[in-house]
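The structure file coords.pdb is reproduced below (PDB, C-alpha atoms).
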MODEL        1
ATOM      1  CA  MET A  42       0.000   0.000   0.000
ATOM      2  CA  ASN A  43       1.395   3.393  -1.039
ATOM      3  CA  PHE A  44       1.014   6.626   0.920
ATOM      4  CA  GLN A  45       2.324  10.151   1.155
ATOM      5  CA  LYS A  46       2.866  12.136   4.318
ATOM      6  CA  TRP A  47       2.141  15.870   4.184
ATOM      7  CA  GLN A  48       2.303  18.620   6.771
ATOM      8  CA  ALA A  49       0.731  22.046   7.120
ATOM      9  CA  LEU A  50       2.056  24.214   9.953
ATOM     10  CA  GLY A  51       3.306  21.027  11.616
ATOM     11  CA  ASN A  52      -0.113  19.322  11.410
ATOM     12  CA  ASP A  53       0.760  16.114   9.554
ATOM     13  CA  TYR A  54      -1.502  13.649   7.740
ATOM     14  CA  LEU A  55      -1.018  10.421   5.865
ATOM     15  CA  ILE A  56      -2.677  10.720   2.457
ATOM     16  CA  ILE A  57      -3.957   7.416   1.092
ATOM     17  CA  GLU A  58      -5.855   6.746  -2.115
ATOM     18  CA  ALA A  59      -8.774   4.392  -1.520
ATOM     19  CA  SER A  60      -7.851   2.344  -4.598
ATOM     20  CA  ASP A  61      -4.568   1.363  -2.875
ATOM     21  CA  LEU A  62      -6.264  -0.069   0.214
ATOM     22  CA  THR A  63      -6.618  -3.829   0.682
ATOM     23  CA  PHE A  64      -8.679  -3.412   3.874
ATOM     24  CA  ALA A  65     -11.256  -1.068   5.415
ATOM     25  CA  LEU A  66      -9.958   1.810   7.526
ATOM     26  CA  THR A  67     -11.377   0.649  10.850
ATOM     27  CA  PRO A  68     -10.599   2.599  14.065
ATOM     28  CA  ALA A  69      -8.043  -0.034  15.164
ATOM     29  CA  ARG A  70      -6.208   0.184  11.837
ATOM     30  CA  VAL A  71      -6.217   3.980  11.883
ATOM     31  CA  ARG A  72      -4.718   3.977  15.378
ATOM     32  CA  ARG A  73      -2.062   1.487  14.285
ATOM     33  CA  LEU A  74      -1.106   3.489  11.180
ATOM     34  CA  CYS A  75      -0.894   6.767  13.121
ATOM     35  CA  ALA A  76       1.127   5.340  16.022
ATOM     36  CA  ASP A  77       4.470   7.106  16.486
ATOM     37  CA  HIS A  78       6.714   4.125  17.139
ATOM     38  CA  THR A  79       4.890   1.108  15.739
ATOM     39  CA  GLY A  80       3.264   2.784  12.729
ATOM     40  CA  ILE A  81       4.050   5.659  10.400
ATOM     41  CA  GLY A  82       3.176   8.376  12.901
ATOM     42  CA  SER A  83       0.795  11.233  12.094
ATOM     43  CA  ASP A  84      -1.993  13.501  13.334
ATOM     44  CA  GLY A  85      -4.474  11.576  11.200
ATOM     45  CA  ILE A  86      -5.307  10.093   7.811
ATOM     46  CA  VAL A  87      -6.744  11.698   4.675
ATOM     47  CA  LEU A  88      -8.480   9.102   2.516
ATOM     48  CA  LEU A  89      -9.144  10.100  -1.114
ATOM     49  CA  ALA A  90     -11.614   8.340  -3.389
ATOM     50  CA  ARG A  91     -12.859   8.916  -6.921
ATOM     51  CA  PRO A  92     -16.030  11.039  -6.827
ATOM     52  CA  ARG A  93     -19.585   9.903  -7.447
ATOM     53  CA  SER A  94     -20.436  13.344  -8.859
ATOM     54  CA  ALA A  95     -18.956  14.983 -11.962
ATOM     55  CA  GLU A  96     -18.899  18.259 -10.000
ATOM     56  CA  LEU A  97     -16.122  16.926  -7.762
ATOM     57  CA  VAL A  98     -12.481  16.008  -8.325
ATOM     58  CA  ALA A  99     -12.409  13.688  -5.307
ATOM     59  CA  GLU A 100     -14.214  12.715  -2.135
ATOM     60  CA  LEU A 101     -12.249  12.907   1.061
ATOM     61  CA  ARG A 102     -12.586  11.486   4.549
ATOM     62  CA  ILE A 103     -10.568  12.579   7.585
ATOM     63  CA  PHE A 104      -9.637  10.207  10.408
ATOM     64  CA  ASN A 105      -8.241  11.307  13.775
ATOM     65  CA  PRO A 106      -5.357   9.305  15.298
ATOM     66  CA  ASP A 107      -7.707   7.817  17.933
ATOM     67  CA  GLY A 108      -9.684   6.188  15.111
ATOM     68  CA  SER A 109     -12.654   8.577  15.142
ATOM     69  CA  GLU A 110     -13.747  10.370  11.977
ATOM     70  CA  ALA A 111     -13.817  14.148  11.563
ATOM     71  CA  GLY A 112     -16.205  15.932   9.240
ATOM     72  CA  VAL A 113     -13.452  18.156   7.880
ATOM     73  CA  SER A 114      -9.972  19.503   8.610
ATOM     74  CA  GLY A 115      -8.701  22.823   7.321
ATOM     75  CA  ASN A 116      -5.072  21.702   7.220
ATOM     76  CA  GLY A 117      -5.959  18.221   5.963
ATOM     77  CA  ALA A 118      -8.123  19.705   3.214
ATOM     78  CA  ARG A 119      -5.301  21.958   1.984
ATOM     79  CA  GLU A 120      -2.893  19.030   1.973
ATOM     80  CA  ALA A 121      -5.405  16.964  -0.009
ATOM     81  CA  ILE A 122      -6.067  19.782  -2.484
ATOM     82  CA  LEU A 123      -2.391  20.314  -3.266
ATOM     83  CA  TYR A 124      -1.798  16.544  -3.415
ATOM     84  CA  LEU A 125      -4.647  16.145  -5.925
ATOM     85  CA  ARG A 126      -3.228  18.885  -8.127
ATOM     86  CA  ARG A 127       0.306  17.467  -8.016
ATOM     87  CA  ARG A 128      -0.834  13.911  -8.637
ATOM     88  CA  GLY A 129      -2.820  14.889 -11.720
ATOM     89  CA  TRP A 130      -6.337  14.200 -10.466
ATOM     90  CA  THR A 131      -7.109  17.535 -12.123
ATOM     91  CA  GLU A 132      -5.284  20.127 -14.209
ATOM     92  CA  GLN A 133      -7.557  22.933 -13.015
ATOM     93  CA  SER A 134      -6.503  25.469 -10.400
ATOM     94  CA  SER A 135     -10.098  25.881  -9.191
ATOM     95  CA  PHE A 136     -12.046  22.770  -8.295
ATOM     96  CA  ALA A 137     -14.333  21.180  -5.699
ATOM     97  CA  ILE A 138     -13.943  18.225  -3.372
ATOM     98  CA  GLY A 139     -16.541  16.422  -1.293
ATOM     99  CA  THR A 140     -16.234  15.911   2.470
ATOM    100  CA  GLN A 141     -18.428  14.497   5.207
ATOM    101  CA  ALA A 142     -19.256  18.139   6.039
ATOM    102  CA  GLY A 143     -20.175  19.138   2.480
ATOM    103  CA  VAL A 144     -18.476  20.461  -0.652
ATOM    104  CA  LEU A 145     -15.293  22.534  -0.350
ATOM    105  CA  ARG A 146     -14.159  24.758  -3.217
ATOM    106  CA  ALA A 147     -10.442  25.284  -3.701
ATOM    107  CA  GLN A 148      -8.273  27.819  -5.479
ATOM    108  CA  VAL A 149      -4.661  26.667  -5.909
ATOM    109  CA  THR A 150      -2.466  29.772  -5.853
ATOM    110  CA  SER A 151       0.987  28.143  -6.052
ATOM    111  CA  PRO A 152       2.498  24.651  -5.787
ATOM    112  CA  THR A 153       2.429  25.015  -1.996
ATOM    113  CA  THR A 154      -0.505  27.355  -1.228
ATOM    114  CA  CYS A 155      -4.236  27.456  -1.724
ATOM    115  CA  THR A 156      -7.424  29.127  -0.553
ATOM    116  CA  VAL A 157     -10.376  26.991   0.507
ATOM    117  CA  ASP A 158     -13.989  28.169   0.595
ATOM    118  CA  MET A 159     -15.085  26.327   3.730
ATOM    119  CA  GLY A 160     -18.715  27.429   3.435
ATOM    120  CA  PRO A 161     -20.631  29.330   6.131
ATOM    121  CA  ALA A 162     -19.851  28.826   9.796
ATOM    122  CA  ARG A 163     -22.847  28.187  12.066
ATOM    123  CA  LEU A 164     -23.421  29.209  15.669
ATOM    124  CA  VAL A 165     -26.207  26.687  16.303
ATOM    125  CA  SER A 166     -25.711  22.955  15.880
ATOM    126  CA  ASP A 167     -26.447  19.537  17.363
ATOM    127  CA  ASP A 168     -22.901  19.597  18.752
ATOM    128  CA  TYR A 169     -24.069  22.216  21.311
ATOM    129  CA  PRO A 170     -27.773  21.355  21.574
ATOM    130  CA  SER A 171     -28.518  23.538  24.600
ATOM    131  CA  GLY A 172     -26.810  26.574  23.099
ATOM    132  CA  PRO A 173     -28.530  29.910  22.435
ATOM    133  CA  PRO A 174     -28.849  31.397  18.916
ATOM    134  CA  ASP A 175     -25.599  33.340  19.305
ATOM    135  CA  GLY A 176     -23.662  30.195  20.279
ATOM    136  CA  ARG A 177     -22.251  31.700  23.437
ATOM    137  CA  GLY A 178     -21.928  29.878  26.723
ATOM    138  CA  GLU A 179     -19.983  29.327  29.901
ATOM    139  CA  LEU A 180     -18.540  26.197  31.481
ATOM    140  CA  THR A 181     -16.244  25.231  34.325
ATOM    141  CA  ALA A 182     -13.032  23.283  33.755
ATOM    142  CA  GLY A 183      -9.692  23.177  35.520
ATOM    143  CA  GLY A 184     -11.161  24.908  38.551
ATOM    144  CA  ARG A 185     -12.276  28.065  36.744
ATOM    145  CA  ALA A 186     -15.099  29.378  34.585
ATOM    146  CA  TRP A 187     -14.574  29.900  30.848
ATOM    147  CA  SER A 188     -16.801  31.966  28.559
ATOM    148  CA  PHE A 189     -16.824  30.457  25.083
ATOM    149  CA  GLN A 190     -18.153  30.815  21.546
ATOM    150  CA  HIS A 191     -19.480  27.713  19.795
ATOM    151  CA  VAL A 192     -18.691  27.636  16.063
ATOM    152  CA  GLN A 193     -19.629  24.772  13.720
ATOM    153  CA  VAL A 194     -17.504  24.667  10.567
ATOM    154  CA  GLY A 195     -17.790  21.029   9.558
ATOM    155  CA  ASN A 196     -16.670  20.088  13.050
ATOM    156  CA  PRO A 197     -17.447  21.718  16.419
ATOM    157  CA  GLN A 198     -15.249  24.438  17.848
ATOM    158  CA  CYS A 199     -15.272  25.865  21.366
ATOM    159  CA  SER A 200     -13.368  29.154  21.095
ATOM    160  CA  ILE A 201     -12.236  30.979  24.215
ATOM    161  CA  ALA A 202     -10.836  34.517  24.302
ATOM    162  CA  VAL A 203      -8.309  35.322  27.029
ATOM    163  CA  ALA A 204      -6.897  38.641  28.152
ATOM    164  CA  ASP A 205      -3.426  38.515  26.635
ATOM    165  CA  GLU A 206      -0.645  36.311  25.313
ATOM    166  CA  ALA A 207       0.856  35.839  28.778
ATOM    167  CA  GLU A 208      -2.379  34.300  30.050
ATOM    168  CA  LEU A 209      -2.603  32.201  26.885
ATOM    169  CA  ALA A 210       0.908  30.828  27.382
ATOM    170  CA  GLY A 211       0.127  29.880  30.991
ATOM    171  CA  ILE A 212      -2.863  27.633  30.253
ATOM    172  CA  ASP A 213      -2.220  23.943  30.937
ATOM    173  CA  LEU A 214      -3.940  22.543  27.848
ATOM    174  CA  ALA A 215      -3.120  18.951  28.778
ATOM    175  CA  ALA A 216      -5.090  19.361  32.011
ATOM    176  CA  VAL A 217      -7.953  21.583  30.886
ATOM    177  CA  GLY A 218      -8.396  20.479  27.269
ATOM    178  CA  PRO A 219      -9.803  16.982  27.929
ATOM    179  CA  GLN A 220     -12.335  18.375  30.418
ATOM    180  CA  ILE A 221     -13.723  20.798  27.842
ATOM    181  CA  GLU A 222     -13.494  18.343  24.927
ATOM    182  CA  ARG A 223     -15.713  15.883  26.820
ATOM    183  CA  HIS A 224     -17.894  18.402  28.686
ATOM    184  CA  ALA A 225     -21.561  17.475  29.036
ATOM    185  CA  LEU A 226     -22.530  20.507  26.929
ATOM    186  CA  PHE A 227     -20.930  18.837  23.886
ATOM    187  CA  PRO A 228     -22.455  15.367  23.285
ATOM    188  CA  ASN A 229     -20.152  14.688  20.319
ATOM    189  CA  ARG A 230     -17.068  16.125  22.043
ATOM    190  CA  THR A 231     -15.556  19.367  20.790
ATOM    191  CA  ASN A 232     -12.352  20.963  19.569
ATOM    192  CA  VAL A 233     -11.093  23.811  21.738
ATOM    193  CA  SER A 234      -9.143  26.943  20.819
ATOM    194  CA  TRP A 235      -7.877  29.607  23.197
ATOM    195  CA  TYR A 236      -6.788  32.895  21.672
ATOM    196  CA  ALA A 237      -5.574  36.398  22.507
ATOM    197  CA  VAL A 238      -5.182  39.512  20.390
ATOM    198  CA  GLY A 239      -1.503  40.341  20.018
ATOM    199  CA  ARG A 240      -0.028  43.831  19.921
ATOM    200  CA  ASN A 241       0.432  43.411  16.160
ATOM    201  CA  GLY A 242      -3.311  42.854  15.727
ATOM    202  CA  LYS A 243      -2.902  39.180  14.871
ATOM    203  CA  LEU A 244      -4.593  36.481  16.904
ATOM    204  CA  ARG A 245      -2.297  34.135  18.810
ATOM    205  CA  ALA A 246      -4.056  30.803  19.325
ATOM    206  CA  ARG A 247      -3.454  27.450  20.979
ATOM    207  CA  ILE A 248      -5.434  24.394  19.939
ATOM    208  CA  PHE A 249      -6.692  21.272  21.707
ATOM    209  CA  GLU A 250      -8.096  19.026  19.009
ATOM    210  CA  ARG A 251     -10.829  16.446  19.531
ATOM    211  CA  GLY A 252      -9.332  12.976  19.359
ATOM    212  CA  VAL A 253      -5.786  14.364  19.094
ATOM    213  CA  GLY A 254      -4.835  16.616  22.018
ATOM    214  CA  GLU A 255      -2.758  19.786  21.773
ATOM    215  CA  THR A 256      -1.569  20.337  18.210
ATOM    216  CA  HIS A 257       0.860  22.689  16.471
ATOM    217  CA  ALA A 258      -1.970  23.941  14.288
ATOM    218  CA  SER A 259      -5.561  23.402  13.227
ATOM    219  CA  GLY A 260      -7.243  25.087  10.292
ATOM    220  CA  THR A 261     -10.739  24.734  11.710
ATOM    221  CA  GLY A 262      -9.449  25.756  15.146
ATOM    222  CA  ALA A 263      -8.054  28.926  13.573
ATOM    223  CA  ILE A 264     -11.440  29.512  11.942
ATOM    224  CA  GLY A 265     -13.213  29.108  15.291
ATOM    225  CA  ALA A 266     -10.926  31.682  16.885
ATOM    226  CA  ALA A 267     -11.294  34.093  13.934
ATOM    227  CA  VAL A 268     -15.108  33.860  13.905
ATOM    228  CA  SER A 269     -15.237  34.398  17.667
ATOM    229  CA  HIS A 270     -12.943  37.426  17.336
ATOM    230  CA  VAL A 271     -15.078  38.960  14.570
ATOM    231  CA  LEU A 272     -18.276  38.369  16.540
ATOM    232  CA  ARG A 273     -16.646  40.237  19.439
ATOM    233  CA  GLY A 274     -15.994  43.256  17.190
ATOM    234  CA  GLY A 275     -12.767  42.350  15.421
ATOM    235  CA  SER A 276     -12.275  43.204  11.749
ATOM    236  CA  PRO A 277     -11.772  40.568   9.050
ATOM    237  CA  PRO A 278      -9.696  39.211   7.451
ATOM    238  CA  VAL A 279      -7.940  37.740  10.457
ATOM    239  CA  THR A 280      -4.375  36.422  10.652
ATOM    240  CA  VAL A 281      -4.138  33.608  13.191
ATOM    241  CA  ALA A 282      -0.679  32.754  14.524
ATOM    242  CA  LEU A 283      -0.371  29.152  15.699
ATOM    243  CA  ASP A 284       2.602  27.226  17.053
ATOM    244  CA  GLY A 285       3.312  25.952  13.536
ATOM    245  CA  GLY A 286       2.817  29.202  11.605
ATOM    246  CA  GLU A 287       0.136  31.565  10.355
ATOM    247  CA  LEU A 288      -3.189  31.144   8.552
ATOM    248  CA  GLN A 289      -5.381  33.816   6.983
ATOM    249  CA  VAL A 290      -9.115  33.592   7.644
ATOM    250  CA  ALA A 291     -11.609  35.722   5.694
ATOM    251  CA  VAL A 292     -14.959  35.979   7.502
ATOM    252  CA  GLY A 293     -17.908  37.283   5.475
ATOM    253  CA  ASP A 294     -20.958  39.124   6.783
ATOM    254  CA  ASP A 295     -22.835  35.817   6.488
ATOM    255  CA  LEU A 296     -19.940  34.055   8.303
ATOM    256  CA  ARG A 297     -18.782  32.445   5.066
ATOM    257  CA  ILE A 298     -15.183  31.365   5.532
ATOM    258  CA  GLU A 299     -12.178  31.360   3.225
ATOM    259  CA  LEU A 300      -9.025  29.777   4.653
ATOM    260  CA  THR A 301      -5.621  30.489   3.086
ATOM    261  CA  GLY A 302      -2.364  28.752   3.907
ATOM    262  CA  TRP A 303       0.382  26.403   2.793
ATOM    263  CA  ALA A 304       1.032  22.663   2.837
ATOM    264  CA  LEU A 305       4.064  20.584   1.875
ATOM    265  CA  PRO A 306       4.830  16.929   1.158
ATOM    266  CA  VAL A 307       7.181  15.258   3.631
ATOM    267  CA  MET A 308       7.661  11.768   2.231
ATOM    268  CA  SER A 309       6.291   9.035   0.014
ATOM    269  CA  GLY A 310       6.362   5.396   1.041
ATOM    270  CA  THR A 311       5.083   1.859   0.708
ATOM    271  CA  LEU A 312       3.971  -0.219   3.672
ATOM    272  CA  ALA A 313       5.977  -3.383   4.283
ATOM    273  CA  ASP A 314       4.177  -6.654   3.555
ATOM    274  CA  GLU A 315       4.550  -7.657   7.206
ATOM    275  CA  PHE A 316       2.888  -4.456   8.405
ATOM    276  CA  VAL A 317       0.050  -4.848   5.892
ATOM    277  CA  ALA A 318      -0.493  -8.387   7.214
ATOM    278  CA  GLU A 319      -0.720  -7.002  10.773
ATOM    279  CA  LEU A 320      -3.269  -4.412   9.664
ATOM    280  CA  GLU A 321      -5.352  -6.973   7.793
ATOM    281  CA  ALA A 322      -5.440  -9.107  10.959
ATOM    282  CA  LEU A 323      -6.982  -6.225  12.936
ATOM    283  CA  GLU A 324     -10.550  -7.034  11.911
ATOM    284  CA  GLY A 325     -12.072  -6.715  15.376
ATOM    285  CA  SER A 326     -11.740  -2.980  15.693
ATOM    286  CA  VAL A 327     -13.492  -1.161  18.517
ATOM    287  CA  ALA A 328     -14.674   2.429  18.140
ATOM    288  CA  PRO A 329     -12.890   4.896  20.472
ATOM    289  CA  GLU A 330     -14.642   5.983  23.654
TER     290      GLU A 330
ENDMDL
END
Could you rewrite the structure in this file as structure tokens?
Amino acid sequence: MNFQKWQALGNDYLIIEASDLTFALTPARVRRLCADHTGIGSDGIVLLARPRSAELVAELRIFNPDGSEAGVSGNGAREAILYLRRRGWTEQSSFAIGTQAGVLRAQVTSPTTCTVDMGPARLVSDDYPSGPPDGRGELTAGGRAWSFQHVQVGNPQCSIAVADEAELAGIDLAAVGPQIERHALFPNRTNVSWYAVGRNGKLRARIFERGVGETHASGTGAIGAAVSHVLRGGSPPVTVALDGGELQVAVGDDLRIELTGWALPVMSGTLADEFVAELEALEGSVAPE
């Protein structure tokens, strides 16, 4: 089985074409592939399949390293888009791909950059069923209260503004993140982003990703922070600085989102026959808790 590994701001995914698979991507197999020492090691898997609609270049699915499936990933989508263009799935610079969260429209701007129309963000969703129309709320985690903004952009975001970058740097994400991710307010779990407005006007954000933990970057996490900032009076477009680099987020009056950033290939490879045999033997996969 062939694969490529790509990264965007340090957020790395294995890209696999469905036609290369000899087995289903069950949760147990995803966990095994993403494992750091006994697998390839990654923040997740992007699975690409030929589309069922002539409108699309490909259909993509995103898997988290714990085996769960995400509706969409901003970084994973950019990696997939640039992979598709390089691999000749299309010769067009503008094209559409299908995801579990809907159709994304891409504009390739260079061999390493693209802009993705992520569609409109929503403030009301089944991922925060008790939430008010404005998506705002408050919860307690890590011994303190947090005011948050719920944003649904193909996956759920819980975005939290803090006073400044010093407070942001002092948050123990490993301790607080899991409590918010699995809070009773969010029946499907949630991604969490904390952010502060820097002196340069850019947002500085830290991300705790559902099914992953703290990450160098998250495209949808950056979107959650940008939407929250704009709803609090900030002006778009918004530059979001993450541990792995910067993303640009355009937020329309209707909360339509365009995400711009880069992605690069890291390696190409072929799984060893012995490893494929191990994966094929993992039929009894159990969904993550």
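Separating CA of Asp294 (chain A) from CA of Tyr236 (chain A) is a distance of 21.5 Å.
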Running the PyMOL selection byres ((chain A and resi 72-82) around 9) on this model by hand, what would come out? Give it as a compact mmCIF listing (two decimals) with C-alpha atoms, keeping the file's coordinate frame.
# COMPACT_ATOMS: atom_id res chain seq x y z
CA LYS A 46 2.87 12.14 4.32
CA ASP A 53 0.76 16.11 9.55
CA TYR A 54 -1.50 13.65 7.74
CA LEU A 55 -1.02 10.42 5.86
CA THR A 67 -11.38 0.65 10.85
CA PRO A 68 -10.60 2.60 14.06
CA ALA A 69 -8.04 -0.03 15.16
CA ARG A 70 -6.21 0.18 11.84
CA VAL A 71 -6.22 3.98 11.88
CA SER A 83 0.80 11.23 12.09
CA ASP A 84 -1.99 13.50 13.33
CA GLY A 85 -4.47 11.58 11.20
CA ILE A 86 -5.31 10.09 7.81
CA ASN A 105 -8.24 11.31 13.78
CA PRO A 106 -5.36 9.30 15.30
CA ASP A 107 -7.71 7.82 17.93
CA GLY A 108 -9.68 6.19 15.11
CA LEU A 312 3.97 -0.22 3.67
CA PHE A 316 2.89 -4.46 8.40
CA LEU A 320 -3.27 -4.41 9.66
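If you count all atoms listed in the file and ignore residues fewer than 6 places along the chain from Cys199 (chain A), what sits within 7 Å of it is Phe189, Gln190, His191, Val192, Thr231, Asn232, Val233 and Ser234 of chain A.
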Output the selection as a PDB file, in the coordinates of the input - C-alpha atoms for each residue.
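Full text of selection.pdb as output:
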ATOM      1  CA  PHE A 189     -16.824  30.457  25.083  1.00  0.00           C
ATOM      2  CA  GLN A 190     -18.153  30.815  21.546  1.00  0.00           C
ATOM      3  CA  HIS A 191     -19.480  27.713  19.795  1.00  0.00           C
ATOM      4  CA  VAL A 192     -18.691  27.636  16.063  1.00  0.00           C
ATOM      5  CA  THR A 231     -15.556  19.367  20.790  1.00  0.00           C
ATOM      6  CA  ASN A 232     -12.352  20.963  19.569  1.00  0.00           C
ATOM      7  CA  VAL A 233     -11.093  23.811  21.738  1.00  0.00           C
ATOM      8  CA  SER A 234      -9.143  26.943  20.819  1.00  0.00           C
TER       9      SER A 234
END
Worksheet item: Excluding same-chain residues fewer than 3 positions from Arg91 (chain A), what lies within 8 Å of it counting only C-alpha atoms, as a list in words?
Response: Val98, Ala99 and Glu100 of chain A
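Our summary of the geometry notes that CA of Ala246 (chain A) is positioned 5.4 Å from CA of Leu283 (chain A).
Proximity to Gln133 (chain A) was assessed for A:Glu208, A:Gly172, A:Leu145, A:Thr150 counting only C-alpha atoms; the smallest distance is recorded for A:Thr150.
Minimum distance to Asn116 (chain A) across A:Phe249, A:Trp303, A:Phe104, A:Tyr169 (counting only C-alpha atoms) occurs at A:Trp303.
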Fill in: For Ala318 (chain A): contacts at 12 Å, all atoms listed in the file, fewer than 3 positions along chain excluded, given as a VMD selection string
chain A and resid 42 63 to 64 70 312 to 315 321 to 324
Worksheet entry | Within 8 Å of Gly310 (chain A) using only C-alpha atoms, minus same-chain residues under 5 positions, as a PyMOL selection string | chain A and resi 43-45
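Across the model, the gap from CA of Gln198 (chain A) to CA of Thr153 (chain A) is 26.6 Å.
Neighbours of Leu50 (chain A) closer than or equal to 10 Å, with all atoms listed in the file counted and sequence neighbours fewer than 5 positions away skipped, come out as Asn116, Thr256, His257, Ala258, Ser259, Gly260, Leu283, Asp284, Gly285, Gly286, Glu287, Leu288, Gly302, Trp303, Ala304 and Leu305 of chain A.
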